[in-house]
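Q: Here it is: the structure, laid out below.
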Amino acid sequence: MRSRLGAYEVGLSCLLLRFAEEAEIDQVLMDCLLREVSATNARCLSTLRQEMCGLSPEATEIWEILLSGLRSVDSPDALFDLFRSLESMICRELVSTSLMHSSGAFGQLARRLILSFKQASFEAVVKLYDSVQSFLTEEMDIENQPARNPK
């Protein structure tokens, strides 16, 4: 995992938060997060989009959840709120079956993301916000492209 945050990490944080807030386990979302936890190389949102949108309608729905989370980041302050909310979902009890337990895979991922955010300077947070907005602009351009007709 990179120590520097980018739009990918913000998107992953949105998915983790959604996963933690759900009353029932969403198996497709959990599988997606497990793939990302075990990823050994640096990832980007465009690669994640290609993978998810080609898997199944359920995976495409998870991608839409990620985009919705990114769209809610409408200011640098919203980034602070996102990571504060994610931090509040981490369970620190000694005995817990929570999937977001601080020593579990998802809890550790969330803690790494939160720590990276907390260590970022204000200028880095603004750049992170700009990165998210830039990705959303690119995504909107892709969605607005006319479908190609095969000949």
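Each chain in the structure tokens gets a letter, A, B and so on, in the order shown; residues start at 1 in every chain, and ligands are counted from 1 in the order they appear.
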Enumerate as a ChimeraX atom specification all residues of segment 12-70 of chain A assigned to alpha helix (DSSP H) by DSSP on the backbone, naming them with the chain letters and numbers the document uses.
A: /A:12-21,27-38,45-53,57-70
Q: Just to be explicit: take each residue in the selection above, keep C-alpha atoms, and write the result as a PDB file, in the first residue's frame.
A:
ATOM      1  CA  LEU A  12     -11.397   2.363  -1.252  1.00  0.00           C
ATOM      2  CA  SER A  13     -12.167   4.290   1.942  1.00  0.00           C
ATOM      3  CA  CYS A  14     -15.685   4.999   0.642  1.00  0.00           C
ATOM      4  CA  LEU A  15     -16.208   1.281   0.000  1.00  0.00           C
ATOM      5  CA  LEU A  16     -14.832   0.336   3.425  1.00  0.00           C
ATOM      6  CA  LEU A  17     -17.142   2.828   5.104  1.00  0.00           C
ATOM      7  CA  ARG A  18     -20.142   1.523   3.160  1.00  0.00           C
ATOM      8  CA  PHE A  19     -19.157  -2.055   4.059  1.00  0.00           C
ATOM      9  CA  ALA A  20     -18.883  -1.138   7.750  1.00  0.00           C
ATOM     10  CA  GLU A  21     -22.257   0.653   7.733  1.00  0.00           C
ATOM     11  CA  GLN A  27     -20.667 -10.759  -0.420  1.00  0.00           C
ATOM     12  CA  VAL A  28     -19.775  -8.987  -3.687  1.00  0.00           C
ATOM     13  CA  LEU A  29     -18.527  -5.924  -1.800  1.00  0.00           C
ATOM     14  CA  MET A  30     -16.586  -8.127   0.621  1.00  0.00           C
ATOM     15  CA  ASP A  31     -14.981 -10.040  -2.267  1.00  0.00           C
ATOM     16  CA  CYS A  32     -14.011  -6.758  -3.924  1.00  0.00           C
ATOM     17  CA  LEU A  33     -12.428  -5.458  -0.724  1.00  0.00           C
ATOM     18  CA  LEU A  34     -10.594  -8.747  -0.179  1.00  0.00           C
ATOM     19  CA  ARG A  35      -9.065  -8.484  -3.674  1.00  0.00           C
ATOM     20  CA  GLU A  36      -7.930  -4.948  -2.879  1.00  0.00           C
ATOM     21  CA  VAL A  37      -6.508  -5.937   0.525  1.00  0.00           C
ATOM     22  CA  SER A  38      -4.431  -8.665  -1.116  1.00  0.00           C
ATOM     23  CA  LEU A  45      -9.380   3.694 -10.033  1.00  0.00           C
ATOM     24  CA  SER A  46      -9.455   3.289 -13.808  1.00  0.00           C
ATOM     25  CA  THR A  47      -8.060  -0.256 -13.478  1.00  0.00           C
ATOM     26  CA  LEU A  48     -10.560  -1.026 -10.741  1.00  0.00           C
ATOM     27  CA  ARG A  49     -13.386   0.277 -12.970  1.00  0.00           C
ATOM     28  CA  GLN A  50     -12.319  -1.973 -15.845  1.00  0.00           C
ATOM     29  CA  GLU A  51     -12.173  -4.992 -13.569  1.00  0.00           C
ATOM     30  CA  MET A  52     -15.449  -4.375 -11.773  1.00  0.00           C
ATOM     31  CA  CYS A  53     -17.600  -3.295 -14.681  1.00  0.00           C
ATOM     32  CA  PRO A  57     -24.054  -6.546 -12.626  1.00  0.00           C
ATOM     33  CA  GLU A  58     -23.462  -6.785  -8.857  1.00  0.00           C
ATOM     34  CA  ALA A  59     -19.835  -5.687  -9.249  1.00  0.00           C
ATOM     35  CA  THR A  60     -20.960  -2.811 -11.479  1.00  0.00           C
ATOM     36  CA  GLU A  61     -23.342  -1.804  -8.689  1.00  0.00           C
ATOM     37  CA  ILE A  62     -20.387  -1.747  -6.252  1.00  0.00           C
ATOM     38  CA  TRP A  63     -18.568   0.532  -8.714  1.00  0.00           C
ATOM     39  CA  GLU A  64     -21.590   2.870  -8.640  1.00  0.00           C
ATOM     40  CA  ILE A  65     -21.443   2.866  -4.827  1.00  0.00           C
ATOM     41  CA  LEU A  66     -17.771   3.843  -5.041  1.00  0.00           C
ATOM     42  CA  LEU A  67     -18.581   6.674  -7.462  1.00  0.00           C
ATOM     43  CA  SER A  68     -21.374   7.878  -5.205  1.00  0.00           C
ATOM     44  CA  GLY A  69     -18.929   8.004  -2.309  1.00  0.00           C
ATOM     45  CA  LEU A  70     -16.416   9.955  -4.402  1.00  0.00           C
TER      46      LEU A  70
END
Q: Near Arg84 of chain A, counting only C-alpha atoms, which residues have an atom at most 12 Å away, once you skip same-chain residues fewer than 3 positions from it, shown as a PDB file with all heavy atoms, in the first residue's frame?
A:
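around_30.pdb written:
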ATOM      1  N   SER A  13     -11.644   3.861   0.642  1.00  0.00           N
ATOM      2  CA  SER A  13     -12.167   4.290   1.942  1.00  0.00           C
ATOM      3  C   SER A  13     -13.689   4.400   1.901  1.00  0.00           C
ATOM      4  O   SER A  13     -14.370   4.013   2.862  1.00  0.00           O
ATOM      5  CB  SER A  13     -11.553   5.630   2.354  1.00  0.00           C
ATOM      6  OG  SER A  13     -10.156   5.508   2.513  1.00  0.00           O
ATOM      7  N   CYS A  14     -14.222   4.906   0.794  1.00  0.00           N
ATOM      8  CA  CYS A  14     -15.685   4.999   0.642  1.00  0.00           C
ATOM      9  C   CYS A  14     -16.314   3.609   0.679  1.00  0.00           C
ATOM     10  O   CYS A  14     -17.347   3.400   1.329  1.00  0.00           O
ATOM     11  CB  CYS A  14     -16.045   5.692  -0.674  1.00  0.00           C
ATOM     12  SG  CYS A  14     -15.623   7.434  -0.740  1.00  0.00           S
ATOM     13  N   LEU A  17     -16.128   2.196   4.258  1.00  0.00           N
ATOM     14  CA  LEU A  17     -17.142   2.828   5.104  1.00  0.00           C
ATOM     15  C   LEU A  17     -18.518   2.245   4.805  1.00  0.00           C
ATOM     16  O   LEU A  17     -19.279   1.910   5.719  1.00  0.00           O
ATOM     17  CB  LEU A  17     -17.132   4.341   4.916  1.00  0.00           C
ATOM     18  CG  LEU A  17     -18.103   5.126   5.791  1.00  0.00           C
ATOM     19  CD1 LEU A  17     -17.826   4.898   7.269  1.00  0.00           C
ATOM     20  CD2 LEU A  17     -18.017   6.612   5.472  1.00  0.00           C
ATOM     21  N   ASP A  77     -12.937  19.507   3.273  1.00  0.00           N
ATOM     22  CA  ASP A  77     -13.550  19.167   4.560  1.00  0.00           C
ATOM     23  C   ASP A  77     -14.276  17.824   4.492  1.00  0.00           C
ATOM     24  O   ASP A  77     -14.328  17.085   5.480  1.00  0.00           O
ATOM     25  CB  ASP A  77     -14.521  20.252   5.006  1.00  0.00           C
ATOM     26  CG  ASP A  77     -13.819  21.513   5.468  1.00  0.00           C
ATOM     27  OD1 ASP A  77     -12.633  21.423   5.859  1.00  0.00           O
ATOM     28  OD2 ASP A  77     -14.446  22.583   5.446  1.00  0.00           O
ATOM     29  N   ALA A  78     -14.851  17.499   3.344  1.00  0.00           N
ATOM     30  CA  ALA A  78     -15.549  16.226   3.191  1.00  0.00           C
ATOM     31  C   ALA A  78     -14.570  15.055   3.308  1.00  0.00           C
ATOM     32  O   ALA A  78     -14.953  13.977   3.763  1.00  0.00           O
ATOM     33  CB  ALA A  78     -16.286  16.184   1.856  1.00  0.00           C
ATOM     34  N   LEU A  79     -13.317  15.268   2.915  1.00  0.00           N
ATOM     35  CA  LEU A  79     -12.304  14.233   3.107  1.00  0.00           C
ATOM     36  C   LEU A  79     -12.064  13.990   4.593  1.00  0.00           C
ATOM     37  O   LEU A  79     -11.964  12.846   5.035  1.00  0.00           O
ATOM     38  CB  LEU A  79     -10.987  14.614   2.420  1.00  0.00           C
ATOM     39  CG  LEU A  79     -10.967  14.504   0.905  1.00  0.00           C
ATOM     40  CD1 LEU A  79      -9.717  15.166   0.340  1.00  0.00           C
ATOM     41  CD2 LEU A  79     -11.042  13.049   0.479  1.00  0.00           C
ATOM     42  N   PHE A  80     -11.977  15.071   5.356  1.00  0.00           N
ATOM     43  CA  PHE A  80     -11.820  14.932   6.805  1.00  0.00           C
ATOM     44  C   PHE A  80     -12.992  14.153   7.387  1.00  0.00           C
ATOM     45  O   PHE A  80     -12.808  13.253   8.216  1.00  0.00           O
ATOM     46  CB  PHE A  80     -11.692  16.307   7.481  1.00  0.00           C
ATOM     47  CG  PHE A  80     -10.366  16.963   7.277  1.00  0.00           C
ATOM     48  CD1 PHE A  80     -10.186  17.901   6.272  1.00  0.00           C
ATOM     49  CD2 PHE A  80      -9.289  16.646   8.091  1.00  0.00           C
ATOM     50  CE1 PHE A  80      -8.960  18.515   6.077  1.00  0.00           C
ATOM     51  CE2 PHE A  80      -8.052  17.251   7.903  1.00  0.00           C
ATOM     52  CZ  PHE A  80      -7.886  18.192   6.896  1.00  0.00           C
ATOM     53  N   ASP A  81     -14.206  14.477   6.940  1.00  0.00           N
ATOM     54  CA  ASP A  81     -15.401  13.788   7.433  1.00  0.00           C
ATOM     55  C   ASP A  81     -15.377  12.303   7.067  1.00  0.00           C
ATOM     56  O   ASP A  81     -15.736  11.448   7.883  1.00  0.00           O
ATOM     57  CB  ASP A  81     -16.670  14.432   6.873  1.00  0.00           C
ATOM     58  CG  ASP A  81     -16.889  15.838   7.394  1.00  0.00           C
ATOM     59  OD1 ASP A  81     -16.305  16.193   8.448  1.00  0.00           O
ATOM     60  OD2 ASP A  81     -17.637  16.597   6.735  1.00  0.00           O
ATOM     61  N   GLU A  87     -12.825   6.026  10.691  1.00  0.00           N
ATOM     62  CA  GLU A  87     -12.148   5.732  11.953  1.00  0.00           C
ATOM     63  C   GLU A  87     -13.145   5.328  13.035  1.00  0.00           C
ATOM     64  O   GLU A  87     -12.872   4.435  13.840  1.00  0.00           O
ATOM     65  CB  GLU A  87     -11.335   6.944  12.412  1.00  0.00           C
ATOM     66  CG  GLU A  87     -10.486   6.682  13.639  1.00  0.00           C
ATOM     67  CD  GLU A  87      -9.560   7.834  13.962  1.00  0.00           C
ATOM     68  OE1 GLU A  87      -9.867   8.998  13.613  1.00  0.00           O
ATOM     69  OE2 GLU A  87      -8.518   7.563  14.580  1.00  0.00           O
ATOM     70  N   SER A  88     -14.310   5.938  13.030  1.00  0.00           N
ATOM     71  CA  SER A  88     -15.312   5.612  14.051  1.00  0.00           C
ATOM     72  C   SER A  88     -15.883   4.207  13.865  1.00  0.00           C
ATOM     73  O   SER A  88     -16.457   3.648  14.798  1.00  0.00           O
ATOM     74  CB  SER A  88     -16.438   6.645  14.048  1.00  0.00           C
ATOM     75  OG  SER A  88     -17.264   6.476  12.917  1.00  0.00           O
ATOM     76  N   MET A  89     -15.727   3.620  12.684  1.00  0.00           N
ATOM     77  CA  MET A  89     -16.266   2.291  12.411  1.00  0.00           C
ATOM     78  C   MET A  89     -15.316   1.168  12.819  1.00  0.00           C
ATOM     79  O   MET A  89     -15.712   0.004  12.855  1.00  0.00           O
ATOM     80  CB  MET A  89     -16.592   2.146  10.921  1.00  0.00           C
ATOM     81  CG  MET A  89     -17.672   3.103  10.461  1.00  0.00           C
ATOM     82  SD  MET A  89     -19.119   2.985  11.496  1.00  0.00           S
ATOM     83  CE  MET A  89     -20.258   2.270  10.384  1.00  0.00           C
ATOM     84  N   ILE A  90     -14.082   1.488  13.125  1.00  0.00           N
ATOM     85  CA  ILE A  90     -13.107   0.462  13.500  1.00  0.00           C
ATOM     86  C   ILE A  90     -13.396   0.005  14.927  1.00  0.00           C
ATOM     87  O   ILE A  90     -13.494   0.820  15.840  1.00  0.00           O
ATOM     88  CB  ILE A  90     -11.665   0.995  13.377  1.00  0.00           C
ATOM     89  CG1 ILE A  90     -11.370   1.348  11.922  1.00  0.00           C
ATOM     90  CG2 ILE A  90     -10.668  -0.035  13.899  1.00  0.00           C
ATOM     91  CD1 ILE A  90     -10.040   2.028  11.724  1.00  0.00           C
ATOM     92  N   ALA A 110      -8.144  -0.047   6.837  1.00  0.00           N
ATOM     93  CA  ALA A 110      -8.738   1.239   7.209  1.00  0.00           C
ATOM     94  C   ALA A 110      -7.760   2.051   8.055  1.00  0.00           C
ATOM     95  O   ALA A 110      -7.601   3.259   7.842  1.00  0.00           O
ATOM     96  CB  ALA A 110     -10.055   1.017   7.967  1.00  0.00           C
ATOM     97  N   ARG A 111      -7.092   1.410   8.989  1.00  0.00           N
ATOM     98  CA  ARG A 111      -6.146   2.119   9.848  1.00  0.00           C
ATOM     99  C   ARG A 111      -4.985   2.692   9.039  1.00  0.00           C
ATOM    100  O   ARG A 111      -4.541   3.813   9.288  1.00  0.00           O
ATOM    101  CB  ARG A 111      -5.632   1.178  10.947  1.00  0.00           C
ATOM    102  CG  ARG A 111      -6.705   0.890  11.992  1.00  0.00           C
ATOM    103  CD  ARG A 111      -6.324  -0.190  12.971  1.00  0.00           C
ATOM    104  NE  ARG A 111      -5.048   0.074  13.616  1.00  0.00           N
ATOM    105  CZ  ARG A 111      -4.304  -0.859  14.184  1.00  0.00           C
ATOM    106  NH1 ARG A 111      -4.704  -2.112  14.195  1.00  0.00           N
ATOM    107  NH2 ARG A 111      -3.176  -0.548  14.756  1.00  0.00           N
ATOM    108  N   LEU A 113      -5.081   3.595   5.857  1.00  0.00           N
ATOM    109  CA  LEU A 113      -5.615   4.718   5.087  1.00  0.00           C
ATOM    110  C   LEU A 113      -5.786   5.948   5.978  1.00  0.00           C
ATOM    111  O   LEU A 113      -5.433   7.063   5.593  1.00  0.00           O
ATOM    112  CB  LEU A 113      -6.948   4.334   4.441  1.00  0.00           C
ATOM    113  CG  LEU A 113      -6.873   3.265   3.345  1.00  0.00           C
ATOM    114  CD1 LEU A 113      -8.270   2.750   3.017  1.00  0.00           C
ATOM    115  CD2 LEU A 113      -6.170   3.790   2.113  1.00  0.00           C
ATOM    116  N   ILE A 114      -6.321   5.737   7.167  1.00  0.00           N
ATOM    117  CA  ILE A 114      -6.546   6.842   8.105  1.00  0.00           C
ATOM    118  C   ILE A 114      -5.217   7.457   8.531  1.00  0.00           C
ATOM    119  O   ILE A 114      -5.074   8.688   8.561  1.00  0.00           O
ATOM    120  CB  ILE A 114      -7.357   6.349   9.324  1.00  0.00           C
ATOM    121  CG1 ILE A 114      -8.780   5.978   8.891  1.00  0.00           C
ATOM    122  CG2 ILE A 114      -7.374   7.388  10.434  1.00  0.00           C
ATOM    123  CD1 ILE A 114      -9.518   5.094   9.884  1.00  0.00           C
ATOM    124  N   LEU A 115      -4.240   6.612   8.850  1.00  0.00           N
ATOM    125  CA  LEU A 115      -2.930   7.121   9.267  1.00  0.00           C
ATOM    126  C   LEU A 115      -2.279   7.935   8.151  1.00  0.00           C
ATOM    127  O   LEU A 115      -1.737   9.013   8.401  1.00  0.00           O
ATOM    128  CB  LEU A 115      -2.017   5.966   9.691  1.00  0.00           C
ATOM    129  CG  LEU A 115      -0.635   6.353  10.192  1.00  0.00           C
ATOM    130  CD1 LEU A 115      -0.731   7.246  11.424  1.00  0.00           C
ATOM    131  CD2 LEU A 115       0.182   5.107  10.500  1.00  0.00           C
ATOM    132  N   PHE A 117      -3.798   9.570   5.848  1.00  0.00           N
ATOM    133  CA  PHE A 117      -4.518  10.835   5.745  1.00  0.00           C
ATOM    134  C   PHE A 117      -4.108  11.786   6.863  1.00  0.00           C
ATOM    135  O   PHE A 117      -3.876  12.972   6.629  1.00  0.00           O
ATOM    136  CB  PHE A 117      -6.033  10.608   5.776  1.00  0.00           C
ATOM    137  CG  PHE A 117      -6.809  11.870   5.606  1.00  0.00           C
ATOM    138  CD1 PHE A 117      -6.943  12.446   4.354  1.00  0.00           C
ATOM    139  CD2 PHE A 117      -7.386  12.503   6.691  1.00  0.00           C
ATOM    140  CE1 PHE A 117      -7.648  13.635   4.185  1.00  0.00           C
ATOM    141  CE2 PHE A 117      -8.086  13.686   6.541  1.00  0.00           C
ATOM    142  CZ  PHE A 117      -8.218  14.255   5.281  1.00  0.00           C
ATOM    143  N   LYS A 118      -4.008  11.265   8.082  1.00  0.00           N
ATOM    144  CA  LYS A 118      -3.642  12.107   9.217  1.00  0.00           C
ATOM    145  C   LYS A 118      -2.232  12.683   9.075  1.00  0.00           C
ATOM    146  O   LYS A 118      -1.957  13.769   9.584  1.00  0.00           O
ATOM    147  CB  LYS A 118      -3.763  11.326  10.527  1.00  0.00           C
ATOM    148  CG  LYS A 118      -5.189  11.124  10.970  1.00  0.00           C
ATOM    149  CD  LYS A 118      -5.249  10.409  12.300  1.00  0.00           C
ATOM    150  CE  LYS A 118      -6.664  10.345  12.826  1.00  0.00           C
ATOM    151  NZ  LYS A 118      -6.710   9.715  14.154  1.00  0.00           N
TER     152      LYS A 118
END
Q: Using only C-alpha atoms, can you tell me which of A:Ser72, A:Ser116, A:Ser85, A:Ser102 comes closest to Leu136 of chain A?
A: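 Going through A:Ser72, A:Ser116, A:Ser85, A:Ser102 one by one, the smallest distance to Leu136 of chain A is for A:Ser72.
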Q: Rank A:Leu99, A:Cys91, A:Ala39, A:Leu109 by their smallest atom-to-atom distance to Glu24 of chain A, using only C-alpha atoms, and report the top residue only.
A: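 Checking each candidate against Glu24 of chain A, we get A:Leu99 as the closest.
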